[in-house]
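Colleague: This is target.txt, which holds compact mmCIF, C-alpha atoms:
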# COMPACT_ATOMS: atom_id res chain seq x y z
CA MET A 434 78.13 147.52 126.66
CA SER A 435 74.75 146.04 125.81
CA SER A 436 75.59 145.76 122.07
CA ARG A 437 78.92 144.11 122.95
CA LEU A 438 77.09 141.56 125.13
CA SER A 439 74.60 140.90 122.31
CA LEU A 440 77.43 140.40 119.82
CA THR A 441 79.25 138.04 122.21
CA THR A 442 76.04 136.07 122.80
CA ALA A 443 75.33 135.89 119.07
CA LEU A 444 78.88 134.73 118.29
CA GLY A 445 78.76 132.15 121.06
CA GLY A 446 75.48 130.80 119.67
CA ALA A 447 76.92 130.60 116.17
CA VAL A 448 80.00 128.77 117.44
CA ALA A 449 77.82 126.33 119.38
CA LEU A 450 75.70 125.62 116.30
CA THR A 451 78.80 125.12 114.15
CA LEU A 452 80.42 122.79 116.68
CA GLY A 453 77.17 120.86 117.01
CA ALA A 454 77.01 120.37 113.25
CA CYS A 455 80.64 119.20 113.17
CA ALA A 456 80.14 116.77 116.05
CA SER A 457 77.26 115.04 114.29
CA GLY A 458 79.50 114.50 111.24
CA PRO A 459 78.72 115.09 107.62
CA SER A 460 75.72 113.33 106.21
CA MET A 461 76.85 110.73 103.72
CA ALA A 462 74.98 110.06 100.52
CA PRO A 463 74.60 106.36 99.72
CA PHE A 464 77.46 105.02 97.60
CA SER A 465 76.72 105.16 93.88
CA GLN A 466 78.39 102.99 91.25
CA THR A 467 77.22 105.06 88.31
CA ASP A 468 80.65 106.57 87.65
CA LEU A 469 82.50 103.24 87.87
CA PRO A 470 83.49 101.19 84.83
CA ALA A 471 80.94 98.44 84.13
CA ALA A 472 83.52 95.70 84.78
CA VAL A 473 83.76 96.57 88.50
CA GLN A 474 80.09 97.32 89.15
CA VAL A 475 78.22 94.99 91.50
CA PRO A 476 75.31 93.24 89.76
CA ALA A 477 71.77 94.55 90.28
CA GLY A 478 69.94 93.13 93.28
CA HIS A 479 72.55 94.14 95.86
CA ARG A 480 72.78 96.95 98.41
CA VAL A 481 75.68 98.47 100.32
CA ALA A 482 76.18 96.73 103.66
CA PHE A 483 78.97 99.02 104.86
CA GLU A 484 81.87 101.13 103.61
CA THR A 485 85.47 101.38 104.78
CA ALA A 486 88.45 103.56 104.03
CA ALA A 487 91.80 101.75 103.96
CA ALA A 488 95.26 103.22 104.35
CA GLY A 489 98.41 101.18 104.49
CA ASP A 490 101.19 99.58 102.50
CA ILE A 491 101.69 97.13 99.67
CA THR A 492 104.89 95.09 99.55
CA TYR A 493 106.56 94.20 96.24
CA GLU A 494 109.54 91.91 95.65
CA CYS A 495 112.02 91.97 92.76
CA ARG A 496 111.86 88.57 91.07
CA ALA A 497 112.97 86.95 87.82
CA LYS A 498 110.22 86.93 85.19
CA LYS A 499 108.83 83.47 84.61
CA ASP A 500 110.19 81.84 81.46
CA MET A 501 112.13 85.02 80.53
CA ALA A 502 115.81 84.50 81.31
CA GLY A 503 117.65 87.63 82.41
CA GLN A 504 114.47 89.71 82.90
CA TYR A 505 113.11 90.89 86.23
CA GLU A 506 110.00 92.57 87.58
CA TRP A 507 108.43 93.87 90.79
CA VAL A 508 105.88 91.29 91.96
CA PHE A 509 103.00 92.01 94.32
CA VAL A 510 103.61 90.27 97.66
CA GLY A 511 100.68 91.57 99.72
CA PRO A 512 98.86 94.43 101.44
CA ASP A 513 98.77 95.52 105.06
CA ALA A 514 96.21 98.24 105.78
CA GLY A 515 93.91 99.49 108.50
CA LEU A 516 90.18 99.77 107.82
CA LYS A 517 88.17 102.69 109.16
CA GLY A 518 84.49 103.49 108.96
CA ARG A 519 83.17 106.70 107.42
CA ARG A 520 83.16 108.37 110.86
CA GLY A 521 86.84 107.48 111.40
CA GLU A 522 86.26 104.57 113.78
CA ARG A 523 88.69 101.62 113.44
CA LEU A 524 86.81 98.67 111.96
CA GLY A 525 89.59 96.18 111.29
CA LYS A 526 92.41 95.36 108.92
CA TYR A 527 93.10 94.16 105.39
CA TYR A 528 96.01 91.85 104.59
CA GLY A 529 97.03 88.94 102.41
CA PRO A 530 97.52 86.74 100.60
CA PRO A 531 94.90 85.59 100.40
CA ALA A 532 93.06 88.91 100.36
CA THR A 533 91.49 89.05 103.83
CA TRP A 534 89.27 91.67 105.43
CA GLU A 535 89.25 91.02 109.20
CA LEU A 536 86.85 93.10 111.24
CA ASN A 537 87.10 93.97 114.92
CA ASP A 538 83.74 92.26 115.59
CA GLY A 539 85.33 88.86 114.90
CA SER A 540 84.06 88.38 111.36
CA LYS A 541 86.38 87.85 108.42
CA LEU A 542 86.11 87.66 104.62
CA THR A 543 88.28 86.36 101.83
CA GLY A 544 87.42 86.50 98.17
CA ALA A 545 88.37 85.96 94.55
CA GLN A 546 88.95 88.77 92.08
CA LEU A 547 86.27 89.00 89.39
CA ALA A 548 87.46 92.10 87.51
CA VAL A 549 89.74 95.14 87.56
CA ALA A 550 89.63 98.49 85.79
CA PRO A 551 92.43 101.07 85.50
CA ASN A 552 92.43 104.15 87.71
CA GLY A 553 95.34 106.10 86.26
CA GLY A 554 98.99 105.13 86.01
CA ALA A 555 99.89 106.17 89.58
CA ASN A 556 97.12 104.17 91.28
CA ILE A 557 96.37 100.49 91.72
CA PRO A 558 93.33 99.46 89.70
CA LEU A 559 89.72 99.49 90.81
CA GLN A 560 88.60 95.98 91.66
CA LEU A 561 85.52 93.79 92.07
CA VAL A 562 85.82 90.74 94.35
CA LYS A 563 83.36 87.87 94.86
CA ALA A 564 83.35 87.27 98.62
CA ASN A 565 83.59 83.79 100.09
CA PRO A 566 81.14 83.05 102.92
CA ALA A 567 82.10 85.03 106.02
CA MET A 568 83.89 83.41 108.93
CA GLY A 569 82.66 84.36 112.40
CA SER A 570 79.55 86.37 113.11
CA GLY A 571 79.37 90.11 112.64
CA MET A 572 79.28 92.77 109.95
CA ALA A 573 80.78 90.51 107.28
CA GLN A 574 77.87 88.04 107.41
CA GLY A 575 75.98 87.93 104.12
CA VAL A 576 78.50 90.03 102.16
CA SER A 577 78.61 88.78 98.56
CA HIS A 578 80.84 91.34 96.82
CA ILE A 579 83.59 93.80 97.71
CA GLN A 580 84.60 96.76 95.56
CA ARG A 581 87.93 98.58 95.77
CA VAL A 582 87.35 102.16 94.62
CA ALA A 583 88.95 105.59 95.04
CA THR A 584 92.42 104.06 94.85
CA ARG A 585 95.46 106.27 95.43
CA GLY A 586 99.05 105.03 95.08
CA GLY A 587 100.08 101.44 95.60
CA VAL A 588 101.69 100.75 92.21
CA ALA A 589 104.92 98.79 91.85
CA PRO A 590 108.05 100.82 92.64
CA ALA A 591 109.89 102.68 89.91
CA ALA A 592 113.21 101.59 91.45
CA PRO A 593 115.43 99.31 89.38
CA CYS A 594 114.62 95.59 89.49
CA ASP A 595 117.48 93.53 88.09
CA ALA A 596 119.94 90.76 88.99
CA ALA A 597 121.60 93.02 91.57
CA THR A 598 118.29 93.78 93.36
CA MET A 599 116.61 90.38 92.91
CA GLY A 600 115.00 89.29 96.17
CA SER A 601 114.81 92.81 97.59
CA LYS A 602 111.47 94.09 98.81
CA ARG A 603 109.97 97.56 98.58
CA VAL A 604 106.95 98.90 100.42
CA VAL A 605 104.68 101.52 98.85
CA SER A 606 101.82 103.40 100.47
CA TYR A 607 98.26 103.25 99.20
CA SER A 608 94.73 104.12 100.15
CA ALA A 609 91.39 102.95 98.83
CA ASP A 610 87.76 102.63 99.79
CA TYR A 611 86.33 99.13 100.16
CA ILE A 612 82.57 98.89 99.64
CA PHE A 613 80.90 95.73 100.97
CA TRP A 614 77.65 94.56 99.30
CA ARG A 615 74.87 92.12 100.27
CA PRO A 616 72.02 90.74 98.16
CA VAL A 617 68.74 92.60 98.64
What is this file in structure tokens?
Modeller:
Amino acid sequence: MSSRLSLTTALGGAVALTLGACASGPSMAPFSQTDLPAAVQVPAGHRVAFETAAAGDITYECRAKKDMAGQYEWVFVGPDAGLKGRRGERLGKYYGPPATWELNDGSKLTGAQLAVAPNGGANIPLQLVKANPAMGSGMAQGVSHIQRVATRGGVAPAAPCDAATMGSKRVVSYSADYIFWRPV
């Protein structure tokens, strides 16, 4: 009976330690750009302000190609995604156009694309954005650049886009990490 009690106590202690480690969350290493293409790297002299994980949808519309009679293409209409922090907490949303990151603390950013780099044929490209000055006060204050990395999905639909489908919209799922940078 004594050995069974010792085993139960030992197992209970191990479970408590494991649960304690899980509750504190994994320790995150600082984001590193070293594996990113040079075109989407933030210039030296900046540090990560915060990181988000986005999951949502991108809408495309079938439209006639400009100056190409009788040809059609899926055109990006805009994103609609939730933003979460690395611990899973809801931080805000991402939508557009224009590309807008709106945080729950009342701050908001828009920006202009500086560069893109491919991330495989099934994923939207990696992206570097120059942020406009933040609106409102909060986490977005002082952010100068935003990177879209770790993209999954989000490419234009493979469905037919022709005269019969012109004007129709399709929604595709995507996920990405958005890394927000401030000058040092």
Colleague: Which residues, written as a compact mmCIF listing (two decimals) with C-alpha atoms, in the frame of the given file, have at least one atom at most 12 Å from Tyr505 (chain A), with all atoms listed in the file counted and residues fewer than 2 positions away on the same chain left out?
Modeller:
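Heads up, here's the output in result.txt:
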# COMPACT_ATOMS: atom_id res chain seq x y z
CA GLU A 494 109.54 91.91 95.65
CA CYS A 495 112.02 91.97 92.76
CA ARG A 496 111.86 88.57 91.07
CA ALA A 497 112.97 86.95 87.82
CA LYS A 498 110.22 86.93 85.19
CA LYS A 499 108.83 83.47 84.61
CA ASP A 500 110.19 81.84 81.46
CA MET A 501 112.13 85.02 80.53
CA ALA A 502 115.81 84.50 81.31
CA GLY A 503 117.65 87.63 82.41
CA TRP A 507 108.43 93.87 90.79
CA VAL A 508 105.88 91.29 91.96
CA ALA A 592 113.21 101.59 91.45
CA PRO A 593 115.43 99.31 89.38
CA CYS A 594 114.62 95.59 89.49
CA ASP A 595 117.48 93.53 88.09
CA ALA A 596 119.94 90.76 88.99
CA ALA A 597 121.60 93.02 91.57
CA THR A 598 118.29 93.78 93.36
CA MET A 599 116.61 90.38 92.91
CA GLY A 600 115.00 89.29 96.17
CA SER A 601 114.81 92.81 97.59
Colleague: Counting only C-alpha atoms, figure out which residue out of A:Tyr607, A:Tyr528, A:Phe613, A:Trp534 gets nearest to Ile579 (chain A).
Modeller: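 Looking only at the distances to Ile579 (chain A), the closest residue turns out to be A:Phe613.
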Colleague: List the residues sitting within 12 Å of (84.9, 103.8, 94.7) in the file's frame, using all atoms listed in the file, as a PyMOL selection string.
Modeller: chain A and resi 463-470+473-475+484-487+550+552+558-561+579-585+608-613
Colleague: Write a file of the just-selected residues containing C-alpha atoms, as an mmCIF file, in the coordinates of the input.
Modeller:
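Once written, selection-v3.cif looks like this:
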data_model
loop_
_atom_site.group_PDB
_atom_site.id
_atom_site.type_symbol
_atom_site.label_atom_id
_atom_site.label_comp_id
_atom_site.auth_asym_id
_atom_site.auth_seq_id
_atom_site.Cartn_x
_atom_site.Cartn_y
_atom_site.Cartn_z
ATOM 1 C CA PRO A 463 74.600 106.360 99.720
ATOM 2 C CA PHE A 464 77.460 105.020 97.600
ATOM 3 C CA SER A 465 76.720 105.160 93.880
ATOM 4 C CA GLN A 466 78.390 102.990 91.250
ATOM 5 C CA THR A 467 77.220 105.060 88.310
ATOM 6 C CA ASP A 468 80.650 106.570 87.650
ATOM 7 C CA LEU A 469 82.500 103.240 87.870
ATOM 8 C CA PRO A 470 83.490 101.190 84.830
ATOM 9 C CA VAL A 473 83.760 96.570 88.500
ATOM 10 C CA GLN A 474 80.090 97.320 89.150
ATOM 11 C CA VAL A 475 78.220 94.990 91.500
ATOM 12 C CA GLU A 484 81.870 101.130 103.610
ATOM 13 C CA THR A 485 85.470 101.380 104.780
ATOM 14 C CA ALA A 486 88.450 103.560 104.030
ATOM 15 C CA ALA A 487 91.800 101.750 103.960
ATOM 16 C CA ALA A 550 89.630 98.490 85.790
ATOM 17 C CA ASN A 552 92.430 104.150 87.710
ATOM 18 C CA PRO A 558 93.330 99.460 89.700
ATOM 19 C CA LEU A 559 89.720 99.490 90.810
ATOM 20 C CA GLN A 560 88.600 95.980 91.660
ATOM 21 C CA LEU A 561 85.520 93.790 92.070
ATOM 22 C CA ILE A 579 83.590 93.800 97.710
ATOM 23 C CA GLN A 580 84.600 96.760 95.560
ATOM 24 C CA ARG A 581 87.930 98.580 95.770
ATOM 25 C CA VAL A 582 87.350 102.160 94.620
ATOM 26 C CA ALA A 583 88.950 105.590 95.040
ATOM 27 C CA THR A 584 92.420 104.060 94.850
ATOM 28 C CA ARG A 585 95.460 106.270 95.430
ATOM 29 C CA SER A 608 94.730 104.120 100.150
ATOM 30 C CA ALA A 609 91.390 102.950 98.830
ATOM 31 C CA ASP A 610 87.760 102.630 99.790
ATOM 32 C CA TYR A 611 86.330 99.130 100.160
ATOM 33 C CA ILE A 612 82.570 98.890 99.640
ATOM 34 C CA PHE A 613 80.900 95.730 100.970
#
Colleague: Find the residue from A:Phe483, A:Ala555, A:Lys541, A:Ile491 that sits nearest to Arg519 (chain A); use all atoms listed in the file when measuring.
Modeller: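 Checking each of A:Phe483, A:Ala555, A:Lys541, A:Ile491 against Arg519 (chain A), counting all atoms listed in the file, the winner is A:Phe483.
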Colleague: If we count all atoms listed in the file, what is near Val605 (chain A) at a cut-off of 12 Å, once residues fewer than 3 positions away on the same chain are taken out, given as a PyMOL selection string?
Modeller: chain A and resi 488-494+507+509-514+555-557+585-592+602+608
Colleague: Find the spatial neighbours of Pro476 (chain A), counting all atoms listed in the file, within a cut-off of 10 Å - ignore same-chain residues fewer than 3 positions away - and output them as a PyMOL selection string.
Modeller: chain A and resi 471-473+479-480+578+614+616
Colleague: One decimal, Å: what's the distance from CA of Thr533 (chain A) over to CA of Val562 (chain A), could you say?
Modeller: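 Interatomic distance, CA of Thr533 (chain A) to CA of Val562 (chain A): 11.2 Å.
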Colleague: Mind pulling up the distance from CA of Gly569 (chain A) to CA of Ser540 (chain A)?
Modeller: 4.4 Å
Colleague: Excluding same-chain residues fewer than 5 positions from Arg615 (chain A), what lies within 9 Å of it counting only C-alpha atoms, as an MDAnalysis selection string?
Modeller: chainID A and resid 478:482 574:578
Colleague: Please, what distance in Å, to one decimal, runs between CA of Val549 (chain A) and CA of Glu535 (chain A)?
Modeller: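 About the pair CA of Val549 (chain A) and CA of Glu535 (chain A): they are 22.0 Å apart.
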Colleague: Which of these, A:Leu516, A:Ala532, A:Leu547, A:Leu524, has the shortest distance to Gly571 (chain A) once you count all atoms listed in the file?
Modeller: A:Leu524
Colleague: Counting all atoms listed in the file, which of A:Lys517, A:Pro551, A:Ser606, A:Gly544 gets nearest to Lys563 (chain A)?
Modeller: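 Closest candidate: A:Gly544.
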